[in-house]
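A.B. asks: Sending over model29.cif (mmCIF, N, CA and C atoms).
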```
data_final
#
loop_
_atom_site.label_atom_id
_atom_site.label_comp_id
_atom_site.auth_asym_id
_atom_site.auth_seq_id
_atom_site.Cartn_x
_atom_site.Cartn_y
_atom_site.Cartn_z
N MET A 1 181.14 99.06 109.98
CA MET A 1 180.33 98.06 109.32
C MET A 1 178.92 98.59 109.04
N GLN A 2 178.38 99.35 110.03
CA GLN A 2 177.03 99.88 109.84
C GLN A 2 177.00 100.88 108.67
N ARG A 3 178.09 101.63 108.51
CA ARG A 3 178.14 102.61 107.41
C ARG A 3 178.13 101.89 106.06
N VAL A 4 178.85 100.77 105.95
CA VAL A 4 178.88 100.00 104.71
C VAL A 4 177.49 99.46 104.41
N THR A 5 176.80 98.96 105.42
CA THR A 5 175.44 98.46 105.24
C THR A 5 174.52 99.57 104.77
N SER A 6 174.69 100.75 105.35
CA SER A 6 173.88 101.90 104.97
C SER A 6 174.12 102.28 103.51
N VAL A 7 175.37 102.23 103.08
CA VAL A 7 175.72 102.56 101.69
C VAL A 7 175.06 101.55 100.75
N PHE A 8 175.14 100.24 101.10
CA PHE A 8 174.51 99.23 100.26
C PHE A 8 172.99 99.39 100.22
N ALA A 9 172.39 99.73 101.34
CA ALA A 9 170.94 99.94 101.38
C ALA A 9 170.56 101.12 100.49
N THR A 10 171.34 102.18 100.54
CA THR A 10 171.07 103.35 99.70
C THR A 10 171.21 102.99 98.23
N MET A 11 172.25 102.22 97.88
CA MET A 11 172.45 101.82 96.48
C MET A 11 171.31 100.92 96.01
N ALA A 12 170.84 100.03 96.86
CA ALA A 12 169.72 99.16 96.49
C ALA A 12 168.46 99.98 96.23
N LEU A 13 168.20 100.98 97.08
CA LEU A 13 167.04 101.84 96.91
C LEU A 13 167.15 102.61 95.60
N LEU A 14 168.32 103.15 95.31
CA LEU A 14 168.52 103.88 94.06
C LEU A 14 168.32 102.96 92.86
N GLY A 15 168.75 101.72 92.97
CA GLY A 15 168.56 100.75 91.90
C GLY A 15 167.09 100.51 91.64
N LEU A 16 166.29 100.43 92.69
CA LEU A 16 164.85 100.24 92.53
C LEU A 16 164.22 101.46 91.88
N LEU A 17 164.66 102.64 92.30
CA LEU A 17 164.08 103.88 91.77
C LEU A 17 164.48 104.12 90.33
N SER A 18 165.63 103.60 89.91
CA SER A 18 166.07 103.85 88.53
C SER A 18 165.68 102.71 87.60
N GLY A 19 164.79 101.85 88.05
CA GLY A 19 164.31 100.73 87.23
C GLY A 19 163.48 101.23 86.07
N PRO A 20 162.66 100.38 85.49
CA PRO A 20 161.86 100.79 84.35
C PRO A 20 160.98 102.00 84.68
N ALA A 21 160.83 102.85 83.69
CA ALA A 21 160.03 104.06 83.89
C ALA A 21 158.58 103.70 84.16
N ALA A 22 157.94 104.52 84.96
CA ALA A 22 156.53 104.31 85.27
C ALA A 22 155.69 104.58 84.02
N ALA A 23 154.53 104.00 84.01
CA ALA A 23 153.62 104.20 82.88
C ALA A 23 153.23 105.67 82.77
N VAL A 24 152.89 106.09 81.57
CA VAL A 24 152.48 107.45 81.29
C VAL A 24 151.00 107.45 80.95
N THR A 25 150.22 108.27 81.65
CA THR A 25 148.80 108.39 81.32
C THR A 25 148.71 109.28 80.09
N LEU A 26 148.44 108.65 78.95
CA LEU A 26 148.35 109.39 77.70
C LEU A 26 146.99 110.08 77.60
N ILE A 27 145.93 109.35 77.93
CA ILE A 27 144.57 109.90 77.89
C ILE A 27 143.89 109.57 79.22
N LYS A 28 143.35 110.59 79.86
CA LYS A 28 142.66 110.40 81.15
C LYS A 28 141.22 109.96 80.90
N ASP A 29 140.65 109.28 81.90
CA ASP A 29 139.26 108.79 81.79
C ASP A 29 138.29 109.93 81.47
N GLU A 30 138.44 111.06 82.17
CA GLU A 30 137.50 112.17 81.95
C GLU A 30 137.65 112.77 80.55
N GLU A 31 138.85 112.70 79.97
CA GLU A 31 139.05 113.19 78.61
C GLU A 31 138.39 112.24 77.61
N ALA A 32 138.46 110.95 77.87
CA ALA A 32 137.84 109.97 76.98
C ALA A 32 136.32 110.14 76.95
N ARG A 33 135.75 110.66 78.03
CA ARG A 33 134.30 110.86 78.10
C ARG A 33 133.85 112.16 77.44
N LEU A 34 134.77 113.01 77.01
CA LEU A 34 134.39 114.26 76.35
C LEU A 34 133.66 113.94 75.04
N PRO A 35 132.82 114.88 74.57
CA PRO A 35 132.13 114.67 73.28
C PRO A 35 133.14 114.48 72.14
N ALA A 36 132.76 113.66 71.19
CA ALA A 36 133.62 113.36 70.04
C ALA A 36 133.84 114.60 69.18
N ALA A 37 134.94 114.58 68.43
CA ALA A 37 135.23 115.65 67.48
C ALA A 37 134.24 115.55 66.32
N ALA A 38 134.08 116.62 65.60
CA ALA A 38 133.20 116.63 64.43
C ALA A 38 133.69 115.60 63.41
N ALA A 39 132.77 114.99 62.71
CA ALA A 39 133.12 113.97 61.71
C ALA A 39 133.79 114.63 60.52
N GLY A 40 134.39 113.80 59.70
CA GLY A 40 134.99 114.29 58.46
C GLY A 40 136.41 114.78 58.62
N LEU A 41 137.19 114.12 59.47
CA LEU A 41 138.59 114.52 59.64
C LEU A 41 139.38 114.21 58.37
N VAL A 42 140.16 115.17 57.91
CA VAL A 42 141.03 114.96 56.76
C VAL A 42 142.36 114.47 57.30
N THR A 43 142.81 113.31 56.83
CA THR A 43 144.03 112.74 57.39
C THR A 43 145.17 112.64 56.40
N ARG A 44 144.92 112.77 55.13
CA ARG A 44 145.97 112.63 54.14
C ARG A 44 145.80 113.66 53.04
N GLY A 45 146.90 113.98 52.43
CA GLY A 45 146.92 114.85 51.29
C GLY A 45 148.26 114.68 50.60
N ILE A 46 148.41 115.21 49.43
CA ILE A 46 149.69 115.13 48.74
C ILE A 46 150.62 116.14 49.40
N THR A 47 151.75 115.62 49.87
CA THR A 47 152.70 116.48 50.56
C THR A 47 154.11 115.95 50.39
N ARG A 48 155.06 116.85 50.43
CA ARG A 48 156.46 116.46 50.43
C ARG A 48 157.00 116.57 51.85
N GLY A 49 156.09 116.85 52.77
CA GLY A 49 156.49 116.98 54.16
C GLY A 49 156.89 115.65 54.76
N PRO A 50 157.34 115.67 56.00
CA PRO A 50 157.79 114.44 56.65
C PRO A 50 156.67 113.43 56.83
N GLY A 51 157.05 112.17 56.86
CA GLY A 51 156.08 111.11 57.11
C GLY A 51 155.92 110.92 58.61
N VAL A 52 154.74 110.51 59.02
CA VAL A 52 154.45 110.18 60.41
C VAL A 52 153.80 108.81 60.38
N LYS A 53 154.41 107.84 61.06
CA LYS A 53 153.93 106.47 60.99
C LYS A 53 153.90 105.84 62.38
N MET A 54 152.76 105.24 62.73
CA MET A 54 152.65 104.53 64.01
C MET A 54 153.22 103.13 63.82
N LEU A 55 154.24 102.80 64.61
CA LEU A 55 154.87 101.49 64.55
C LEU A 55 154.33 100.55 65.62
N SER A 56 154.01 101.12 66.78
CA SER A 56 153.50 100.32 67.90
C SER A 56 152.50 101.16 68.68
N PRO A 57 151.33 100.61 68.99
CA PRO A 57 150.91 99.27 68.62
C PRO A 57 150.68 99.17 67.11
N ASP A 58 150.85 97.97 66.59
CA ASP A 58 150.69 97.73 65.16
C ASP A 58 149.25 98.04 64.75
N PRO A 59 149.04 99.02 63.87
CA PRO A 59 147.68 99.40 63.47
C PRO A 59 146.88 98.25 62.85
N ALA A 60 147.57 97.29 62.24
CA ALA A 60 146.88 96.18 61.58
C ALA A 60 146.54 95.05 62.55
N ALA A 61 147.05 95.10 63.77
CA ALA A 61 146.88 93.99 64.72
C ALA A 61 145.53 94.02 65.43
N GLY A 62 144.76 95.08 65.28
CA GLY A 62 143.46 95.16 65.95
C GLY A 62 143.56 95.81 67.32
N PRO A 63 142.55 95.57 68.16
CA PRO A 63 142.50 96.22 69.47
C PRO A 63 143.71 95.87 70.34
N VAL A 64 144.08 96.80 71.21
CA VAL A 64 145.19 96.60 72.14
C VAL A 64 144.70 96.76 73.57
N LYS A 65 145.47 96.22 74.49
CA LYS A 65 145.18 96.38 75.92
C LYS A 65 146.11 97.44 76.47
N SER A 66 145.60 98.22 77.40
CA SER A 66 146.39 99.26 78.05
C SER A 66 146.97 98.69 79.33
N PRO A 67 148.20 99.05 79.68
CA PRO A 67 149.12 99.93 78.98
C PRO A 67 149.81 99.22 77.81
N PHE A 68 150.28 100.02 76.86
CA PHE A 68 150.97 99.50 75.69
C PHE A 68 152.12 100.43 75.36
N ASN A 69 153.06 99.93 74.57
CA ASN A 69 154.17 100.76 74.13
C ASN A 69 153.74 101.53 72.90
N LEU A 70 153.91 102.84 72.95
CA LEU A 70 153.56 103.70 71.82
C LEU A 70 154.85 104.11 71.13
N LYS A 71 154.91 103.82 69.84
CA LYS A 71 156.08 104.21 69.05
C LYS A 71 155.62 104.78 67.72
N VAL A 72 155.97 106.03 67.49
CA VAL A 72 155.62 106.74 66.26
C VAL A 72 156.93 107.23 65.64
N SER A 73 157.12 106.96 64.35
CA SER A 73 158.35 107.42 63.70
C SER A 73 158.07 108.65 62.84
N PHE A 74 159.05 109.54 62.79
CA PHE A 74 159.02 110.70 61.92
C PHE A 74 160.03 110.41 60.80
N GLU A 75 159.59 110.57 59.56
CA GLU A 75 160.43 110.24 58.42
C GLU A 75 160.67 111.48 57.57
N PRO A 76 161.83 112.14 57.76
CA PRO A 76 162.13 113.33 56.96
C PRO A 76 162.36 112.95 55.49
N ARG A 77 162.14 113.90 54.62
CA ARG A 77 162.31 113.65 53.18
C ARG A 77 163.21 114.70 52.57
N GLY A 78 163.90 114.31 51.50
CA GLY A 78 164.69 115.25 50.72
C GLY A 78 165.83 115.90 51.48
N GLY A 79 166.43 115.20 52.42
CA GLY A 79 167.58 115.74 53.16
C GLY A 79 167.22 116.72 54.27
N ALA A 80 165.95 116.97 54.48
CA ALA A 80 165.53 117.89 55.55
C ALA A 80 165.64 117.18 56.90
N ARG A 81 165.60 117.95 57.98
CA ARG A 81 165.62 117.42 59.34
C ARG A 81 164.29 117.72 60.01
N ILE A 82 163.90 116.87 60.93
CA ILE A 82 162.69 117.08 61.71
C ILE A 82 162.98 118.11 62.78
N ASP A 83 162.06 119.03 62.97
CA ASP A 83 162.17 120.04 64.03
C ASP A 83 161.31 119.58 65.21
N PRO A 84 161.93 118.98 66.27
CA PRO A 84 161.14 118.49 67.40
C PRO A 84 160.30 119.57 68.07
N ALA A 85 160.73 120.82 68.00
CA ALA A 85 159.98 121.92 68.62
C ALA A 85 158.67 122.19 67.88
N SER A 86 158.53 121.68 66.67
CA SER A 86 157.32 121.93 65.87
C SER A 86 156.24 120.88 66.10
N VAL A 87 156.55 119.82 66.82
CA VAL A 87 155.62 118.70 66.96
C VAL A 87 154.43 119.10 67.82
N SER A 88 153.24 118.69 67.38
CA SER A 88 152.05 118.83 68.22
C SER A 88 151.35 117.47 68.25
N VAL A 89 150.79 117.15 69.41
CA VAL A 89 150.08 115.89 69.61
C VAL A 89 148.75 116.25 70.28
N THR A 90 147.64 115.98 69.59
CA THR A 90 146.33 116.43 70.05
C THR A 90 145.33 115.28 70.05
N TYR A 91 144.66 115.11 71.19
CA TYR A 91 143.57 114.14 71.29
C TYR A 91 142.35 114.81 70.69
N LEU A 92 141.78 114.20 69.65
CA LEU A 92 140.71 114.83 68.90
C LEU A 92 139.36 114.60 69.57
N LYS A 93 138.90 115.62 70.25
CA LYS A 93 137.59 115.67 70.89
C LYS A 93 136.95 116.99 70.48
N ALA A 94 135.66 117.19 70.84
CA ALA A 94 134.99 118.46 70.51
C ALA A 94 135.82 119.63 71.02
N THR A 95 136.39 119.47 72.20
CA THR A 95 137.39 120.41 72.71
C THR A 95 138.71 119.65 72.70
N PRO A 96 139.60 119.92 71.73
CA PRO A 96 140.84 119.15 71.61
C PRO A 96 141.68 119.21 72.89
N VAL A 97 142.39 118.10 73.16
CA VAL A 97 143.23 118.00 74.35
C VAL A 97 144.69 117.92 73.90
N ASP A 98 145.53 118.83 74.40
CA ASP A 98 146.95 118.86 74.07
C ASP A 98 147.66 117.75 74.85
N LEU A 99 148.19 116.77 74.13
CA LEU A 99 148.90 115.65 74.77
C LEU A 99 150.42 115.84 74.75
N LEU A 100 150.90 116.92 74.17
CA LEU A 100 152.34 117.12 74.04
C LEU A 100 153.08 117.06 75.39
N PRO A 101 152.56 117.71 76.45
CA PRO A 101 153.29 117.62 77.72
C PRO A 101 153.46 116.18 78.22
N ARG A 102 152.54 115.31 77.86
CA ARG A 102 152.59 113.92 78.32
C ARG A 102 153.55 113.07 77.51
N VAL A 103 153.85 113.46 76.28
CA VAL A 103 154.75 112.67 75.44
C VAL A 103 156.15 113.28 75.34
N LYS A 104 156.36 114.45 75.91
CA LYS A 104 157.65 115.14 75.79
C LYS A 104 158.83 114.28 76.19
N THR A 105 158.66 113.45 77.24
CA THR A 105 159.79 112.63 77.69
C THR A 105 160.21 111.61 76.64
N GLY A 106 159.32 111.23 75.74
CA GLY A 106 159.65 110.25 74.71
C GLY A 106 159.79 110.86 73.33
N LEU A 107 159.83 112.19 73.24
CA LEU A 107 159.89 112.89 71.95
C LEU A 107 161.32 113.14 71.51
N SER A 108 161.60 112.85 70.24
CA SER A 108 162.90 113.17 69.65
C SER A 108 162.69 113.49 68.17
N ALA A 109 163.75 113.84 67.47
CA ALA A 109 163.65 114.11 66.04
C ALA A 109 163.27 112.85 65.27
N GLY A 110 163.48 111.68 65.87
CA GLY A 110 163.15 110.42 65.22
C GLY A 110 161.71 109.99 65.43
N GLY A 111 161.02 110.60 66.41
CA GLY A 111 159.64 110.24 66.67
C GLY A 111 159.27 110.30 68.13
N ILE A 112 158.30 109.49 68.51
CA ILE A 112 157.80 109.43 69.89
C ILE A 112 157.90 107.98 70.34
N GLU A 113 158.45 107.77 71.52
CA GLU A 113 158.56 106.43 72.07
C GLU A 113 158.21 106.47 73.55
N LEU A 114 157.08 105.87 73.89
CA LEU A 114 156.61 105.83 75.28
C LEU A 114 156.38 104.38 75.69
N ALA A 115 156.97 103.99 76.80
CA ALA A 115 156.73 102.67 77.35
C ALA A 115 155.57 102.78 78.34
N GLY A 116 154.62 101.89 78.23
CA GLY A 116 153.52 101.86 79.20
C GLY A 116 152.54 103.00 79.07
N ALA A 117 152.12 103.33 77.85
CA ALA A 117 151.11 104.38 77.65
C ALA A 117 149.75 103.85 78.13
N GLU A 118 149.14 104.58 79.05
CA GLU A 118 147.84 104.18 79.59
C GLU A 118 146.72 104.98 78.92
N VAL A 119 145.74 104.23 78.41
CA VAL A 119 144.62 104.82 77.69
C VAL A 119 143.36 104.05 78.09
N PRO A 120 142.26 104.76 78.40
CA PRO A 120 141.02 104.05 78.75
C PRO A 120 140.48 103.26 77.57
N PRO A 121 139.66 102.25 77.84
CA PRO A 121 139.05 101.49 76.73
C PRO A 121 138.23 102.41 75.83
N GLY A 122 138.22 102.10 74.54
CA GLY A 122 137.45 102.86 73.58
C GLY A 122 138.25 103.13 72.33
N GLU A 123 137.62 103.85 71.41
CA GLU A 123 138.29 104.25 70.18
C GLU A 123 138.76 105.69 70.33
N HIS A 124 140.02 105.92 70.00
CA HIS A 124 140.64 107.22 70.22
C HIS A 124 141.36 107.66 68.95
N GLN A 125 141.27 108.96 68.66
CA GLN A 125 141.97 109.54 67.52
C GLN A 125 142.93 110.60 68.05
N ILE A 126 144.18 110.47 67.65
CA ILE A 126 145.22 111.41 68.08
C ILE A 126 145.89 111.96 66.83
N ARG A 127 145.89 113.28 66.71
CA ARG A 127 146.56 113.92 65.57
C ARG A 127 148.00 114.27 65.96
N VAL A 128 148.92 113.84 65.12
CA VAL A 128 150.34 114.17 65.29
C VAL A 128 150.74 115.02 64.10
N THR A 129 151.24 116.21 64.39
CA THR A 129 151.69 117.14 63.35
C THR A 129 153.17 117.41 63.55
N VAL A 130 153.92 117.40 62.46
CA VAL A 130 155.37 117.61 62.53
C VAL A 130 155.81 118.46 61.35
N GLN A 131 156.87 119.21 61.56
CA GLN A 131 157.40 120.09 60.51
C GLN A 131 158.89 119.81 60.35
N ASP A 132 159.38 119.96 59.11
CA ASP A 132 160.81 119.75 58.89
C ASP A 132 161.55 121.08 58.77
N SER A 133 162.86 120.99 58.57
CA SER A 133 163.72 122.18 58.52
C SER A 133 163.45 123.04 57.29
N GLU A 134 162.71 122.52 56.32
CA GLU A 134 162.33 123.28 55.13
C GLU A 134 160.97 123.95 55.29
N GLY A 135 160.36 123.77 56.46
CA GLY A 135 159.06 124.39 56.73
C GLY A 135 157.87 123.58 56.23
N ARG A 136 158.12 122.38 55.71
CA ARG A 136 157.03 121.52 55.22
C ARG A 136 156.42 120.79 56.41
N GLN A 137 155.10 120.78 56.45
CA GLN A 137 154.38 120.21 57.58
C GLN A 137 153.53 119.03 57.13
N SER A 138 153.45 118.02 57.99
CA SER A 138 152.57 116.87 57.75
C SER A 138 151.78 116.60 59.02
N SER A 139 150.61 116.03 58.82
CA SER A 139 149.74 115.70 59.94
C SER A 139 149.11 114.33 59.68
N THR A 140 149.09 113.49 60.70
CA THR A 140 148.50 112.17 60.59
C THR A 140 147.63 111.93 61.81
N VAL A 141 146.50 111.25 61.61
CA VAL A 141 145.63 110.89 62.72
C VAL A 141 145.87 109.42 63.06
N LEU A 142 146.32 109.17 64.27
CA LEU A 142 146.53 107.82 64.76
C LEU A 142 145.21 107.29 65.31
N GLN A 143 144.85 106.09 64.93
CA GLN A 143 143.62 105.45 65.41
C GLN A 143 144.01 104.40 66.45
N LEU A 144 143.48 104.53 67.66
CA LEU A 144 143.73 103.56 68.71
C LEU A 144 142.41 102.94 69.14
N ASN A 145 142.35 101.63 69.16
CA ASN A 145 141.20 100.91 69.66
C ASN A 145 141.67 100.11 70.87
N VAL A 146 141.28 100.56 72.05
CA VAL A 146 141.76 99.98 73.30
C VAL A 146 140.65 99.20 73.97
N VAL A 147 140.97 97.98 74.41
CA VAL A 147 140.00 97.13 75.12
C VAL A 147 140.51 96.88 76.54
N LYS A 148 139.58 96.41 77.41
CA LYS A 148 139.96 96.10 78.79
C LYS A 148 140.85 94.90 78.84
#
```
For this file, produce the structure as structure tokens.

C.D. replies:
Amino acid sequence: MQRVTSVFATMALLGLLSGPAAAVTLIKDEEARLPAAAAGLVTRGITRGPGVKMLSPDPAAGPVKSPFNLKVSFEPRGGARIDPASVSVTYLKATPVDLLPRVKTGLSAGGIELAGAEVPPGEHQIRVTVQDSEGRQSSTVLQLNVVK
């Protein structure tokens, strides 16, 4: 009987551990305090490269509270495929911060999906660059306005 109880206790513990994923720190407090990137960022140009679109948080909805769900879609064009190995995600500061290791768990050919992205309050710019199987590259700057 004690062995059965032990098995149930172990299963309950595993159930708790396999619950919803923990939040991901997308931007650390000390990174948010770094000096801003130089002004005049170019964010758009005429390209046949893949589209990069932030779906969540909704860019038109205004400021968001942290943590939030981050969802970015990659939209291939002309029958090409997205190359996930080509993706770069950079926090735009005077010294850019590579965020790719933090989003890798939510990265796929379809985009980036992170539940519970933690970001300090403030305005943040993140550049997402992606390339398709034809070698065409696109880059978009995501604007995040986070409040307490």

A.B. asks: Go through A:Ala80, A:Ile126, A:Val72, A:Ala37 one by one, measure the shortest atom-to-atom distance of each to Gly106 (chain A) using only C-alpha atoms, and give the residue with the smallest value.

C.D. replies: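 The closest residue to Gly106 (chain A) is A:Val72.
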
A.B. asks: Calculated over all atoms listed in the file, which of the candidates A:Arg33, A:Ala39, A:Asp58, A:Pro67 has the smallest distance to Ala115 (chain A)?

C.D. replies: A:Pro67

A.B. asks: Kindly indicate which residue among A:Ala109, A:Val24, A:Ala36, A:Met54 lies nearest to Asp132 (chain A), using only C-alpha atoms for the distances.

C.D. replies: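 Once distances to Asp132 (chain A) are computed over only C-alpha atoms, the minimum belongs to A:Ala109.
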
A.B. asks: Give me, as a PyMOL selection string, the residues of region 101-143 of chain A that a backbone DSSP run labels strand (DSSP E).

C.D. replies: chain A and resi 107-108+111-118+122-131+137-143

A.B. asks: Give me the result of the PyMOL selection byres (((chain A and resi 23 and name CA) around 12) and name CA) on this file, residue by residue, as a PyMOL selection string.

C.D. replies: chain A and resi 20-22+24-27+66-70+102-103+105-106+114-119

A.B. asks: Excluding Glu134 (chain A) and residues on its chain fewer than 5 positions from it, collect all residues at most 8 Å away from it, counting only N, CA and C atoms, and give them as a ChimeraX atom specification.

C.D. replies: /A:79-83

A.B. asks: One number please: CA of Gly135 (chain A) to CA of Ile112 (chain A), in Å, one decimal.

C.D. replies: 20.0 Å

A.B. asks: How would you write, as a ChimeraX atom specification, the residues chosen by the PyMOL selection byres ((chain A and resi 35) around 7) on this structure?

C.D. replies: /A:31-34,36-38,92-95

A.B. asks: So the first atom is CA of Gln125 (chain A) and the second is atom C of Thr140 (chain A); what is the distance between them in Å, to one decimal place?

C.D. replies: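 Taking CA of Gln125 (chain A) as the start and atom C of Thr140 (chain A) as the end point, the length is 8.4 Å.
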
A.B. asks: When distances are computed from all atoms listed in the file, which of A:Ser56, A:Gln143, A:Ser138, A:Thr129 shows the smallest separation from Val87 (chain A)?

C.D. replies: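 Answer, going by the shortest atom-to-atom distance: A:Thr129.
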
A.B. asks: Report, in Å with one decimal, the straight-line distance from CA of Gly78 (chain A) to CA of Leu55 (chain A).

C.D. replies: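 Calculated distance between CA of Gly78 (chain A) and CA of Leu55 (chain A) is 21.8 Å.
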
A.B. asks: For a quick check of understanding, using all atoms listed in the file, which of A:Leu144, A:Ser139, A:Pro121, A:Arg127 has the smallest distance to Val89 (chain A)?

C.D. replies: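 Of A:Leu144, A:Ser139, A:Pro121, A:Arg127, the one nearest Val89 (chain A) is A:Arg127, counting all atoms listed in the file.
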
A.B. asks: Might you spell out which residues the PyMOL selection byres ((chain A and resi 75) around 6) would select in the displayed file, as a PDB file with N, CA and C atoms, keeping the file's coordinate frame?

C.D. replies:
```pdb
ATOM      1  N   PRO A  50     157.340 115.670  56.000  1.00  0.00           N
ATOM      2  CA  PRO A  50     157.790 114.440  56.650  1.00  0.00           C
ATOM      3  C   PRO A  50     156.670 113.430  56.830  1.00  0.00           C
ATOM      4  N   GLY A  51     157.050 112.170  56.860  1.00  0.00           N
ATOM      5  CA  GLY A  51     156.080 111.110  57.110  1.00  0.00           C
ATOM      6  C   GLY A  51     155.920 110.920  58.610  1.00  0.00           C
ATOM      7  N   VAL A  52     154.740 110.510  59.020  1.00  0.00           N
ATOM      8  CA  VAL A  52     154.450 110.180  60.410  1.00  0.00           C
ATOM      9  C   VAL A  52     153.800 108.810  60.380  1.00  0.00           C
ATOM     10  N   SER A  73     157.120 106.960  64.350  1.00  0.00           N
ATOM     11  CA  SER A  73     158.350 107.420  63.700  1.00  0.00           C
ATOM     12  C   SER A  73     158.070 108.650  62.840  1.00  0.00           C
ATOM     13  N   PHE A  74     159.050 109.540  62.790  1.00  0.00           N
ATOM     14  CA  PHE A  74     159.020 110.700  61.920  1.00  0.00           C
ATOM     15  C   PHE A  74     160.030 110.410  60.800  1.00  0.00           C
ATOM     16  N   PRO A  76     161.830 112.140  57.760  1.00  0.00           N
ATOM     17  CA  PRO A  76     162.130 113.330  56.960  1.00  0.00           C
ATOM     18  C   PRO A  76     162.360 112.950  55.490  1.00  0.00           C
ATOM     19  N   ARG A  77     162.140 113.900  54.620  1.00  0.00           N
ATOM     20  CA  ARG A  77     162.310 113.650  53.180  1.00  0.00           C
ATOM     21  C   ARG A  77     163.210 114.700  52.570  1.00  0.00           C
TER      22      ARG A  77
END
```

A.B. asks: Restricting the calculation to only N, CA and C atoms: of A:His124, A:Pro84, A:Lys148, A:Glu30, which residue gets closest to Lys65 (chain A)?

C.D. replies: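 Looking at the shortest contact to Lys65 (chain A), the residue is A:Lys148.
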
A.B. asks: If we count all atoms listed in the file, what is near Gly122 (chain A) at a cut-off of 5 Å, once residues fewer than 5 positions away on the same chain are taken out, given as a short mmCIF file (atom, residue, chain, number, x, y, z; two decimals) with N, CA and C atoms, keeping the file's coordinate frame?

C.D. replies:
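Ended up saving to part11.cif:
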```cif
data_model
loop_
_atom_site.label_atom_id
_atom_site.label_comp_id
_atom_site.auth_asym_id
_atom_site.auth_seq_id
_atom_site.Cartn_x
_atom_site.Cartn_y
_atom_site.Cartn_z
N ASN A 145 142.35 101.63 69.16
CA ASN A 145 141.20 100.91 69.66
C ASN A 145 141.67 100.11 70.87
N VAL A 146 141.28 100.56 72.05
CA VAL A 146 141.76 99.98 73.30
C VAL A 146 140.65 99.20 73.97
N VAL A 147 140.97 97.98 74.41
CA VAL A 147 140.00 97.13 75.12
C VAL A 147 140.51 96.88 76.54
#
```
